[in-house]
file run.pdb (PDB, C-alpha atoms)
ATOM      1  CA  MET A   1      81.971  93.564  78.784
ATOM      2  CA  TRP A   2      84.856  95.787  79.800
ATOM      3  CA  ILE A   3      88.304  94.177  80.139
ATOM      4  CA  ASP A   4      90.881  95.597  82.527
ATOM      5  CA  SER A   5      94.064  94.557  80.737
ATOM      6  CA  HIS A   6      96.350  95.361  83.688
ATOM      7  CA  CYS A   7      95.261  95.081  87.319
ATOM      8  CA  HIS A   8      97.366  93.994  90.312
ATOM      9  CA  LEU A   9      94.445  92.483  92.187
ATOM     10  CA  ASP A  10      96.866  90.360  94.213
ATOM     11  CA  ALA A  11      98.541  93.440  95.735
ATOM     12  CA  PRO A  12      98.508  93.804  99.532
ATOM     13  CA  GLU A  13      96.403  96.959  99.181
ATOM     14  CA  PHE A  14      93.454  94.674  98.370
ATOM     15  CA  ASP A  15      93.964  92.103 101.125
ATOM     16  CA  ALA A  16      91.299  93.604 103.375
ATOM     17  CA  ASP A  17      88.479  93.804 100.811
ATOM     18  CA  ARG A  18      89.411  91.832  97.678
ATOM     19  CA  VAL A  19      85.986  90.189  97.490
ATOM     20  CA  GLU A  20      84.285  93.583  97.598
ATOM     21  CA  VAL A  21      86.674  94.991  94.962
ATOM     22  CA  ILE A  22      85.758  92.127  92.636
ATOM     23  CA  ALA A  23      82.052  92.682  93.295
ATOM     24  CA  ARG A  24      82.338  96.403  92.497
ATOM     25  CA  ALA A  25      84.146  95.601  89.263
ATOM     26  CA  ARG A  26      81.412  93.182  88.238
ATOM     27  CA  ALA A  27      78.719  95.723  89.110
ATOM     28  CA  ALA A  28      80.503  98.279  86.908
ATOM     29  CA  GLY A  29      80.503  95.848  83.974
ATOM     30  CA  VAL A  30      84.189  94.932  84.138
ATOM     31  CA  GLY A  31      83.922  91.286  83.221
ATOM     32  CA  LEU A  32      87.569  90.269  83.011
ATOM     33  CA  LEU A  33      90.731  91.272  84.857
ATOM     34  CA  VAL A  34      94.264  90.461  83.671
ATOM     35  CA  ILE A  35      96.598  90.202  86.673
ATOM     36  CA  PRO A  36     100.355  90.446  86.001
ATOM     37  CA  SER A  37     102.808  89.229  88.628
ATOM     38  CA  VAL A  38     105.943  91.193  89.503
ATOM     39  CA  THR A  39     108.332  88.764  91.260
ATOM     40  CA  PRO A  40     108.568  84.994  91.789
ATOM     41  CA  ALA A  41     107.040  85.586  95.221
ATOM     42  CA  THR A  42     103.855  86.836  93.528
ATOM     43  CA  PHE A  43     103.486  84.125  90.872
ATOM     44  CA  ALA A  44     101.123  82.066  93.012
ATOM     45  CA  THR A  45      99.248  85.062  94.420
ATOM     46  CA  ALA A  46      98.550  86.420  90.926
ATOM     47  CA  ARG A  47      97.292  83.011  89.853
ATOM     48  CA  ASP A  48      95.145  82.686  92.966
ATOM     49  CA  ALA A  49      93.667  86.166  92.441
ATOM     50  CA  ALA A  50      92.839  85.282  88.831
ATOM     51  CA  GLN A  51      91.013  82.174  90.000
ATOM     52  CA  GLN A  52      89.172  84.167  92.654
ATOM     53  CA  CYS A  53      87.852  86.718  90.145
ATOM     54  CA  ASN A  54      87.491  84.237  87.263
ATOM     55  CA  GLY A  55      90.087  86.225  85.340
ATOM     56  CA  ALA A  56      93.500  85.756  83.782
ATOM     57  CA  TYR A  57      97.089  86.213  84.905
ATOM     58  CA  ALA A  58     100.630  86.695  83.623
ATOM     59  CA  LEU A  59     103.956  85.588  85.073
ATOM     60  CA  GLY A  60     106.983  87.842  85.025
ATOM     61  CA  ILE A  61     109.712  89.757  86.825
ATOM     62  CA  HIS A  62     109.104  93.510  86.977
ATOM     63  CA  PRO A  63     112.163  95.702  86.290
ATOM     64  CA  LEU A  64     111.705  97.642  89.520
ATOM     65  CA  TYR A  65     112.499  94.485  91.485
ATOM     66  CA  VAL A  66     115.517  93.101  89.632
ATOM     67  CA  ASP A  67     117.869  93.991  92.492
ATOM     68  CA  ASP A  68     115.600  92.360  95.070
ATOM     69  CA  VAL A  69     114.719  89.032  93.463
ATOM     70  CA  PRO A  70     116.904  85.938  94.004
ATOM     71  CA  MET A  71     119.645  85.131  91.536
ATOM     72  CA  ASP A  72     117.608  82.201  90.209
ATOM     73  CA  ALA A  73     114.507  84.351  89.564
ATOM     74  CA  VAL A  74     114.524  83.675  85.820
ATOM     75  CA  ALA A  75     114.881  79.949  86.481
ATOM     76  CA  GLN A  76     111.900  80.167  88.844
ATOM     77  CA  LEU A  77     109.923  81.874  86.067
ATOM     78  CA  ALA A  78     110.910  79.139  83.617
ATOM     79  CA  ASP A  79     109.740  76.491  86.088
ATOM     80  CA  ALA A  80     106.422  78.265  86.699
ATOM     81  CA  LEU A  81     105.752  78.717  82.984
ATOM     82  CA  GLN A  82     106.424  75.036  82.433
ATOM     83  CA  ARG A  83     104.339  73.933  85.418
ATOM     84  CA  TRP A  84     101.303  76.046  84.471
ATOM     85  CA  HIS A  85     101.776  76.010  80.708
ATOM     86  CA  ASP A  86      98.405  74.324  80.128
ATOM     87  CA  ASP A  87      96.485  76.597  82.496
ATOM     88  CA  PRO A  88      94.170  78.590  80.200
ATOM     89  CA  ARG A  89      94.196  81.471  82.675
ATOM     90  CA  LEU A  90      97.904  82.019  81.950
ATOM     91  CA  VAL A  91      97.759  84.509  79.067
ATOM     92  CA  ALA A  92     101.172  86.240  78.945
ATOM     93  CA  VAL A  93     104.653  86.709  80.316
ATOM     94  CA  GLY A  94     104.539  89.870  82.380
ATOM     95  CA  GLU A  95     104.924  92.342  83.847
ATOM     96  CA  ILE A  96     108.379  92.570  82.311
ATOM     97  CA  GLY A  97     110.393  95.343  80.708
ATOM     98  CA  LEU A  98     112.747  98.153  81.591
ATOM     99  CA  ASP A  99     112.496 101.208  83.812
ATOM    100  CA  GLY A 100     114.678 104.165  82.890
ATOM    101  CA  PHE A 101     113.230 106.400  85.587
ATOM    102  CA  VAL A 102     114.807 104.726  88.612
ATOM    103  CA  PRO A 103     118.151 106.239  89.744
ATOM    104  CA  GLY A 104     119.847 102.884  89.243
ATOM    105  CA  TRP A 105     119.371 103.187  85.466
ATOM    106  CA  GLN A 106     122.514 105.325  85.397
ATOM    107  CA  ASP A 107     124.489 102.512  87.049
ATOM    108  CA  PRO A 108     125.868 100.285  84.261
ATOM    109  CA  ALA A 109     125.642  97.163  86.425
ATOM    110  CA  HIS A 110     122.002  97.783  87.341
ATOM    111  CA  ARG A 111     121.042  98.627  83.783
ATOM    112  CA  ALA A 112     122.797  95.501  82.506
ATOM    113  CA  ARG A 113     120.855  93.396  85.024
ATOM    114  CA  GLN A 114     117.561  94.938  83.939
ATOM    115  CA  GLU A 115     118.364  94.240  80.297
ATOM    116  CA  ALA A 116     119.616  90.706  80.913
ATOM    117  CA  ILE A 117     116.487  89.731  82.851
ATOM    118  CA  TYR A 118     114.252  91.377  80.247
ATOM    119  CA  ALA A 119     115.996  89.557  77.377
ATOM    120  CA  ALA A 120     115.787  86.231  79.213
ATOM    121  CA  GLN A 121     112.062  86.708  79.757
ATOM    122  CA  LEU A 122     111.504  87.530  76.091
ATOM    123  CA  ALA A 123     113.213  84.252  75.244
ATOM    124  CA  LEU A 124     110.909  82.378  77.620
ATOM    125  CA  ALA A 125     107.865  84.051  76.068
ATOM    126  CA  VAL A 126     108.985  82.893  72.636
ATOM    127  CA  GLU A 127     109.672  79.392  73.924
ATOM    128  CA  HIS A 128     106.180  79.096  75.413
ATOM    129  CA  GLY A 129     104.372  80.869  72.580
ATOM    130  CA  LEU A 130     103.024  83.605  74.836
ATOM    131  CA  PRO A 131     102.687  87.370  74.298
ATOM    132  CA  VAL A 132     104.261  89.779  76.786
ATOM    133  CA  ILE A 133     103.007  92.608  78.978
ATOM    134  CA  LEU A 134     105.648  95.332  78.953
ATOM    135  CA  HIS A 135     106.563  97.920  81.563
ATOM    136  CA  VAL A 136     107.628 100.977  79.548
ATOM    137  CA  ARG A 137     109.025 103.937  81.470
ATOM    138  CA  ARG A 138     111.672 106.050  79.747
ATOM    139  CA  SER A 139     112.872 102.872  78.092
ATOM    140  CA  ALA A 140     110.914 102.428  74.864
ATOM    141  CA  ASP A 141     113.881 102.489  72.495
ATOM    142  CA  VAL A 142     115.836  99.869  74.445
ATOM    143  CA  LEU A 143     112.751  97.670  74.766
ATOM    144  CA  LEU A 144     112.261  97.908  71.018
ATOM    145  CA  LYS A 145     115.925  97.069  70.399
ATOM    146  CA  HIS A 146     115.543  93.732  72.172
ATOM    147  CA  LEU A 147     112.252  92.960  70.445
ATOM    148  CA  ARG A 148     113.877  93.580  67.060
ATOM    149  CA  ARG A 149     116.786  91.333  68.020
ATOM    150  CA  CYS A 150     114.325  88.514  68.661
ATOM    151  CA  ARG A 151     112.634  89.148  65.325
ATOM    152  CA  ASP A 152     115.889  89.366  63.395
ATOM    153  CA  ALA A 153     117.106  86.124  64.996
ATOM    154  CA  GLY A 154     114.039  84.365  63.635
ATOM    155  CA  ARG A 155     112.443  84.037  67.085
ATOM    156  CA  PRO A 156     109.926  86.900  67.171
ATOM    157  CA  VAL A 157     107.866  87.712  70.250
ATOM    158  CA  MET A 158     104.174  87.262  69.470
ATOM    159  CA  GLY A 159     103.285  90.806  70.488
ATOM    160  CA  GLY A 160     101.324  91.764  73.572
ATOM    161  CA  ILE A 161     100.662  95.026  75.390
ATOM    162  CA  ALA A 162     102.928  97.997  76.082
ATOM    163  CA  HIS A 163     101.419  98.947  79.423
ATOM    164  CA  ALA A 164     100.834 102.586  80.508
ATOM    165  CA  PHE A 165     102.274 103.863  77.247
ATOM    166  CA  ASN A 166     103.606 107.406  77.237
ATOM    167  CA  GLY A 167     106.197 107.447  74.484
ATOM    168  CA  SER A 168     106.473 109.318  71.209
ATOM    169  CA  PRO A 169     104.251 108.704  68.176
ATOM    170  CA  GLN A 170     107.255 107.157  66.438
ATOM    171  CA  GLN A 171     107.816 104.730  69.321
ATOM    172  CA  ALA A 172     104.114 103.927  69.369
ATOM    173  CA  ARG A 173     104.189 103.026  65.683
ATOM    174  CA  ALA A 174     107.260 100.864  66.238
ATOM    175  CA  PHE A 175     105.488  98.838  68.938
ATOM    176  CA  ILE A 176     102.397  98.533  66.764
ATOM    177  CA  GLU A 177     104.492  97.272  63.844
ATOM    178  CA  LEU A 178     105.853  94.565  66.146
ATOM    179  CA  GLY A 179     102.343  93.403  66.988
ATOM    180  CA  PHE A 180     101.709  95.299  70.217
ATOM    181  CA  LYS A 181      98.689  97.094  71.596
ATOM    182  CA  LEU A 182      99.189 100.154  73.803
ATOM    183  CA  GLY A 183      97.661 100.486  77.269
ATOM    184  CA  PHE A 184      95.871 103.649  78.437
ATOM    185  CA  GLY A 185      94.534 104.216  81.935
ATOM    186  CA  GLY A 186      94.206 106.719  84.748
ATOM    187  CA  ALA A 187      96.980 109.027  83.551
ATOM    188  CA  MET A 188      94.880 109.808  80.466
ATOM    189  CA  THR A 189      92.160 111.380  82.628
ATOM    190  CA  PHE A 190      94.300 114.361  83.649
ATOM    191  CA  GLU A 191      93.605 117.388  81.455
ATOM    192  CA  ARG A 192      97.311 118.280  81.384
ATOM    193  CA  ALA A 193      98.258 114.841  80.015
ATOM    194  CA  LEU A 194      98.314 116.294  76.527
ATOM    195  CA  GLN A 195     100.786 113.824  75.004
ATOM    196  CA  ILE A 196      98.888 110.784  76.285
ATOM    197  CA  ARG A 197      95.565 112.203  75.122
ATOM    198  CA  ARG A 198      97.021 113.024  71.721
ATOM    199  CA  LEU A 199      98.252 109.461  71.338
ATOM    200  CA  ALA A 200      94.887 108.091  72.454
ATOM    201  CA  ALA A 201      93.130 110.284  69.915
ATOM    202  CA  GLU A 202      95.402 109.696  66.930
ATOM    203  CA  LEU A 203      96.721 106.124  67.104
ATOM    204  CA  PRO A 204      94.930 103.429  65.099
ATOM    205  CA  ALA A 205      91.774 102.251  66.830
ATOM    206  CA  GLU A 206      92.967  98.641  66.746
ATOM    207  CA  ALA A 207      96.029  99.554  68.839
ATOM    208  CA  LEU A 208      94.265 100.742  72.011
ATOM    209  CA  VAL A 209      93.485  98.812  75.188
ATOM    210  CA  LEU A 210      92.242 100.038  78.551
ATOM    211  CA  GLU A 211      93.736  99.314  81.963
ATOM    212  CA  THR A 212      93.683 100.559  85.535
ATOM    213  CA  ASP A 213      97.043  99.311  86.904
ATOM    214  CA  ALA A 214      95.111  99.161  90.180
ATOM    215  CA  PRO A 215      95.971  99.938  92.903
ATOM    216  CA  ASP A 216      98.361 102.339  91.133
ATOM    217  CA  ILE A 217      98.034 105.171  88.561
ATOM    218  CA  PRO A 218      94.762 106.541  89.964
ATOM    219  CA  PRO A 219      92.579 108.700  87.701
ATOM    220  CA  HIS A 220      92.329 112.389  88.489
ATOM    221  CA  TRP A 221      89.300 111.992  90.774
ATOM    222  CA  LEU A 222      91.275 109.675  93.085
ATOM    223  CA  TYR A 223      94.614 111.492  92.946
ATOM    224  CA  LYS A 224      96.121 112.631  96.241
ATOM    225  CA  THR A 225      98.739 115.355  96.606
ATOM    226  CA  ALA A 226     101.984 114.878  98.510
ATOM    227  CA  GLU A 227     100.454 116.840 101.382
ATOM    228  CA  GLN A 228      97.430 114.537 101.472
ATOM    229  CA  TRP A 229      99.716 111.495 101.433
ATOM    230  CA  ALA A 230     101.633 112.954 104.369
ATOM    231  CA  GLN A 231      98.329 113.187 106.238
ATOM    232  CA  GLY A 232      97.627 109.518 105.582
ATOM    233  CA  GLU A 233      95.127 109.914 102.735
ATOM    234  CA  ARG A 234      95.355 107.344  99.934
ATOM    235  CA  GLY A 235      93.918 107.298  96.431
ATOM    236  CA  ARG A 236      93.718 103.582  95.752
ATOM    237  CA  ASN A 237      92.710 102.743  92.208
ATOM    238  CA  GLU A 238      90.567  99.688  91.497
ATOM    239  CA  PRO A 239      89.110  97.933  88.440
ATOM    240  CA  ALA A 240      85.615  99.359  88.959
ATOM    241  CA  GLU A 241      87.039 102.708  87.811
ATOM    242  CA  LEU A 242      87.681 101.397  84.290
ATOM    243  CA  PRO A 243      84.390 102.487  82.677
ATOM    244  CA  ARG A 244      84.806 106.029  83.997
ATOM    245  CA  ILE A 245      88.420 106.089  82.772
ATOM    246  CA  ALA A 246      87.055 104.921  79.421
ATOM    247  CA  GLU A 247      84.934 108.048  79.195
ATOM    248  CA  THR A 248      88.097 110.046  78.480
ATOM    249  CA  LEU A 249      89.053 107.718  75.631
ATOM    250  CA  ALA A 250      85.514 107.921  74.264
ATOM    251  CA  GLU A 251      85.696 111.718  74.416
ATOM    252  CA  VAL A 252      89.024 112.088  72.592
ATOM    253  CA  ARG A 253      88.063 109.469  69.959
ATOM    254  CA  ARG A 254      84.478 110.742  69.615
ATOM    255  CA  TRP A 255      83.205 107.243  70.250
ATOM    256  CA  SER A 256      80.201 106.166  72.254
ATOM    257  CA  LEU A 257      80.926 104.292  75.464
ATOM    258  CA  ALA A 258      79.524 101.128  73.900
ATOM    259  CA  GLU A 259      81.878 101.458  70.930
ATOM    260  CA  THR A 260      84.783 102.152  73.266
ATOM    261  CA  ARG A 261      83.985  99.008  75.241
ATOM    262  CA  GLU A 262      83.659  96.802  72.187
ATOM    263  CA  ARG A 263      86.773  98.095  70.429
ATOM    264  CA  THR A 264      89.109  98.004  73.406
ATOM    265  CA  SER A 265      87.898  94.607  74.615
ATOM    266  CA  ALA A 266      88.361  93.156  71.125
ATOM    267  CA  ASN A 267      91.880  94.576  71.094
ATOM    268  CA  VAL A 268      92.726  92.825  74.382
ATOM    269  CA  ARG A 269      91.500  89.550  72.907
ATOM    270  CA  ASP A 270      93.755  90.097  69.899
ATOM    271  CA  ALA A 271      96.770  91.009  72.050
ATOM    272  CA  LEU A 272      96.313  88.106  74.502
ATOM    273  CA  PRO A 273      94.690  85.306  72.471
ATOM    274  CA  ARG A 274      94.042  83.033  75.464
ATOM    275  CA  VAL A 275      91.691  85.696  76.822
ATOM    276  CA  ARG A 276      89.252  84.527  74.153
ATOM    277  CA  ILE A 277      88.583  81.436  76.275
ATOM    278  CA  TRP A 278      87.155  83.649  79.013
ATOM    279  CA  CYS A 279      85.072  85.561  76.510
ATOM    280  CA  GLY A 280      83.321  82.432  75.271
ATOM    281  CA  GLU A 281      85.087  82.373  71.905
TER     282      GLU A 281
END

call {"tool": "encode", "arguments": {"input": "run.pdb", "output": "structure tokens"}}
result
Amino acid sequence: MWIDSHCHLDAPEFDADRVEVIARARAAGVGLLVIPSVTPATFATARDAAQQCNGAYALGIHPLYVDDVPMDAVAQLADALQRWHDDPRLVAVGEIGLDGFVPGWQDPAHRARQEAIYAAQLALAVEHGLPVILHVRRSADVLLKHLRRCRDAGRPVMGGIAHAFNGSPQQARAFIELGFKLGFGGAMTFERALQIRRLAAELPAEALVLETDAPDIPPHWLYKTAEQWAQGERGRNEPAELPRIAETLAEVRRWSLAETRERTSANVRDALPRVRIWCGE
């Protein structure tokens, strides 16, 4: 079966037809969805969505929301991880990380808050023996710095997935050396995404996982221009698109679709070991 390693099924964009979205994913052969949360307010909704689709979920505080979450957000995450520690659907701490694209990144106070919350969540992942799902946007080197600090302190993070990866080959190798897989999705389907396609083609096969990031990062056939957005058109991504997205990976790797499915699904199971429970292992 296909595994969508990153899907925000709990997002409001799916409130009107979540049951149908799940059915379309199943019909397309997507047998497992991993649903990362983004704030304490979405911890329960991510868990509920995972139960609804018989999938898995992660708990974390997304860097885009660090200025919006309550001051005790990390404490709320610690409580949730403790409360649901034995839930086999809980497979990672995520979506966590750093975002160097937002304007606030240039504000030392905002950047310090992003880093502090990221570091605290890495510590919680280590404490609970869980991998992490990382948000990586113009921030790979700083993310790696904190991961190395954990390793050098004798408390290494047990790997995970660097979601929507678009860094350099050197950064990719650094994540791989620290036990991470790299996520590829809709952005890879654009012909002009030469760097992403090059990475997908050249990185070790055991480092690649597939994702949709639904409802975001739509593939090229769902993309809407700014003008279309202004006219009210939307290009919502959903997990049923994963096999078609996978065709691009199969093309650049010269794999069959069946090989692409088996390799990438096995890589998700390696990155998020609790997923094996849902794969009958």

call {"tool": "residues_around", "arguments": {"input": "run.pdb", "residues": "Ala23 of chain A", "least_positions_apart": "3", "cutoff": "12 Å", "atoms": "all atoms listed in the file", "output": "short mmCIF file (atom, residue, chain, number, x, y, z; two decimals) with C-alpha atoms, keeping the file's coordinate frame"}}
result
data_model
loop_
_atom_site.label_atom_id
_atom_site.label_comp_id
_atom_site.auth_asym_id
_atom_site.auth_seq_id
_atom_site.Cartn_x
_atom_site.Cartn_y
_atom_site.Cartn_z
CA ASP A 17 88.48 93.80 100.81
CA ARG A 18 89.41 91.83 97.68
CA VAL A 19 85.99 90.19 97.49
CA GLU A 20 84.28 93.58 97.60
CA ARG A 26 81.41 93.18 88.24
CA ALA A 27 78.72 95.72 89.11
CA ALA A 28 80.50 98.28 86.91
CA GLY A 29 80.50 95.85 83.97
CA VAL A 30 84.19 94.93 84.14
CA GLY A 31 83.92 91.29 83.22
CA LEU A 32 87.57 90.27 83.01
CA GLN A 52 89.17 84.17 92.65
CA CYS A 53 87.85 86.72 90.14
CA ASN A 54 87.49 84.24 87.26
CA GLU A 238 90.57 99.69 91.50
CA PRO A 239 89.11 97.93 88.44
CA ALA A 240 85.62 99.36 88.96
#

call {"tool": "residues_around", "arguments": {"input": "run.pdb", "residues": "Asp79 of chain A", "least_positions_apart": "2", "cutoff": "12 Å", "atoms": "all atoms listed in the file", "output": "list in words"}}
result
Pro40, Phe43, Leu59, Gly60, Asp72, Ala73, Val74, Ala75, Gln76, Leu77, Leu81, Gln82, Arg83, Trp84, His85, Leu124 and His128 of chain A

call {"tool": "resolve_selection", "arguments": {"input": "run.pdb", "expression": "the PyMOL selection byres ((chain A and resi 199) around 12)", "output": "PDB file with C-alpha atoms, keeping the file's coordinate frame"}}
result
ATOM      1  CA  ALA A 164     100.834 102.586  80.508  1.00  0.00           C
ATOM      2  CA  PHE A 165     102.274 103.863  77.247  1.00  0.00           C
ATOM      3  CA  ASN A 166     103.606 107.406  77.237  1.00  0.00           C
ATOM      4  CA  GLY A 167     106.197 107.447  74.484  1.00  0.00           C
ATOM      5  CA  SER A 168     106.473 109.318  71.209  1.00  0.00           C
ATOM      6  CA  PRO A 169     104.251 108.704  68.176  1.00  0.00           C
ATOM      7  CA  GLN A 170     107.255 107.157  66.438  1.00  0.00           C
ATOM      8  CA  GLN A 171     107.816 104.730  69.321  1.00  0.00           C
ATOM      9  CA  ALA A 172     104.114 103.927  69.369  1.00  0.00           C
ATOM     10  CA  ARG A 173     104.189 103.026  65.683  1.00  0.00           C
ATOM     11  CA  LEU A 182      99.189 100.154  73.803  1.00  0.00           C
ATOM     12  CA  GLY A 183      97.661 100.486  77.269  1.00  0.00           C
ATOM     13  CA  PHE A 184      95.871 103.649  78.437  1.00  0.00           C
ATOM     14  CA  MET A 188      94.880 109.808  80.466  1.00  0.00           C
ATOM     15  CA  ALA A 193      98.258 114.841  80.015  1.00  0.00           C
ATOM     16  CA  LEU A 194      98.314 116.294  76.527  1.00  0.00           C
ATOM     17  CA  GLN A 195     100.786 113.824  75.004  1.00  0.00           C
ATOM     18  CA  ILE A 196      98.888 110.784  76.285  1.00  0.00           C
ATOM     19  CA  ARG A 197      95.565 112.203  75.122  1.00  0.00           C
ATOM     20  CA  ARG A 198      97.021 113.024  71.721  1.00  0.00           C
ATOM     21  CA  ALA A 200      94.887 108.091  72.454  1.00  0.00           C
ATOM     22  CA  ALA A 201      93.130 110.284  69.915  1.00  0.00           C
ATOM     23  CA  GLU A 202      95.402 109.696  66.930  1.00  0.00           C
ATOM     24  CA  LEU A 203      96.721 106.124  67.104  1.00  0.00           C
ATOM     25  CA  PRO A 204      94.930 103.429  65.099  1.00  0.00           C
ATOM     26  CA  ALA A 205      91.774 102.251  66.830  1.00  0.00           C
ATOM     27  CA  ALA A 207      96.029  99.554  68.839  1.00  0.00           C
ATOM     28  CA  LEU A 208      94.265 100.742  72.011  1.00  0.00           C
ATOM     29  CA  LEU A 249      89.053 107.718  75.631  1.00  0.00           C
ATOM     30  CA  VAL A 252      89.024 112.088  72.592  1.00  0.00           C
ATOM     31  CA  ARG A 253      88.063 109.469  69.959  1.00  0.00           C
TER      32      ARG A 253
END

call {"tool": "atom_distance", "arguments": {"input": "run.pdb", "atom1": "atom CA of Ala58 of chain A", "atom2": "atom CA of Leu90 of chain A"}}
result
5.7 Å

call {"tool": "residues_around", "arguments": {"input": "run.pdb", "residues": "Thr42 of chain A", "least_positions_apart": "5", "cutoff": "9 Å", "atoms": "only C-alpha atoms", "output": "mmCIF file with C-alpha atoms, in the frame of the given file"}}
result
data_model
loop_
_atom_site.group_PDB
_atom_site.id
_atom_site.type_symbol
_atom_site.label_atom_id
_atom_site.label_comp_id
_atom_site.auth_asym_id
_atom_site.auth_seq_id
_atom_site.Cartn_x
_atom_site.Cartn_y
_atom_site.Cartn_z
ATOM 1 C CA ASP A 10 96.866 90.360 94.213
ATOM 2 C CA ALA A 11 98.541 93.440 95.735
ATOM 3 C CA SER A 37 102.808 89.229 88.628
ATOM 4 C CA ARG A 47 97.292 83.011 89.853
ATOM 5 C CA LEU A 59 103.956 85.588 85.073
#

call {"tool": "closest_atom_pairs", "arguments": {"input": "run.pdb", "of": "segment 15-78 of chain A", "to": "segment 98-114 of chain A", "cutoff": "12 Å", "atoms": "only C-alpha atoms", "output": "tab-separated table"}}
result
residue	atom	partner	partner_atom	distance
A:Ile61	CA	A:Gln114	CA	9.8
A:His62	CA	A:Leu98	CA	8.0
A:Pro63	CA	A:Leu98	CA	5.3
A:Leu64	CA	A:Asp99	CA	6.8
A:Tyr65	CA	A:Gln114	CA	9.1
A:Val66	CA	A:Gln114	CA	6.3
A:Asp67	CA	A:His110	CA	7.6
A:Asp68	CA	A:Arg113	CA	11.4
A:Val69	CA	A:Arg113	CA	11.3
A:Met71	CA	A:Arg113	CA	10.6
A:Ala73	CA	A:Arg113	CA	11.9
A:Val74	CA	A:Arg113	CA	11.6

call {"tool": "residues_around", "arguments": {"input": "run.pdb", "residues": "Pro36 of chain A", "least_positions_apart": "5", "cutoff": "12 Å", "atoms": "all atoms listed in the file", "output": "number ranges by chain"}}
result
A: 4-11, 42-50, 55-62, 89-96, 132-135, 161, 163, 211, 213-214

call {"tool": "closest_residue", "arguments": {"input": "run.pdb", "among": "A:Gln51, A:Val34, A:Glu251, A:Glu127", "to": "Val268 of chain A", "atoms": "all atoms listed in the file"}}
result
A:Val34

call {"tool": "atom_distance", "arguments": {"input": "run.pdb", "atom1": "atom CA of Gly235 of chain A", "atom2": "atom CA of Ala162 of chain A"}}
result
24.1 Å

call {"tool": "atom_distance", "arguments": {"input": "run.pdb", "atom1": "atom CA of Gly97 of chain A", "atom2": "atom CA of Asp270 of chain A"}}
result
20.5 Å

call {"tool": "residues_around", "arguments": {"input": "run.pdb", "residues": "Phe180 of chain A", "least_positions_apart": "5", "cutoff": "6 Å", "atoms": "all atoms listed in the file", "output": "list in words"}}
result
Gly159, Gly160, Ile161 and Phe175 of chain A

call {"tool": "axis_aligned_box", "arguments": {"input": "run.pdb", "around": "segment 191-208 of chain A", "padding_each_side": "8 Å", "output": "lines of an AutoDock Vina configuration file"}}
result
center_x = 96.3
center_y = 108.5
center_z = 73.3
size_x = 25.0
size_y = 35.6
size_z = 32.4

call {"tool": "resolve_selection", "arguments": {"input": "run.pdb", "expression": "the PyMOL selection byres ((chain A and resi 247) around 12)", "output": "VMD selection string"}}
result
chain A and resid 184 to 186 188 to 189 210 219 241 to 246 248 to 261

call {"tool": "closest_residue", "arguments": {"input": "run.pdb", "among": "A:Ala187, A:Leu222, A:Ala174, A:Val38", "to": "Val142 of chain A", "atoms": "all atoms listed in the file"}}
result
A:Ala174

call {"tool": "closest_residue", "arguments": {"input": "run.pdb", "among": "A:Ala41, A:Val21, A:His146, A:Met158", "to": "Pro273 of chain A", "atoms": "all atoms listed in the file"}}
result
A:Met158

call {"tool": "closest_residue", "arguments": {"input": "run.pdb", "among": "A:Val136, A:Leu178, A:Ala120, A:Val126", "to": "Arg148 of chain A", "atoms": "all atoms listed in the file"}}
result
A:Leu178
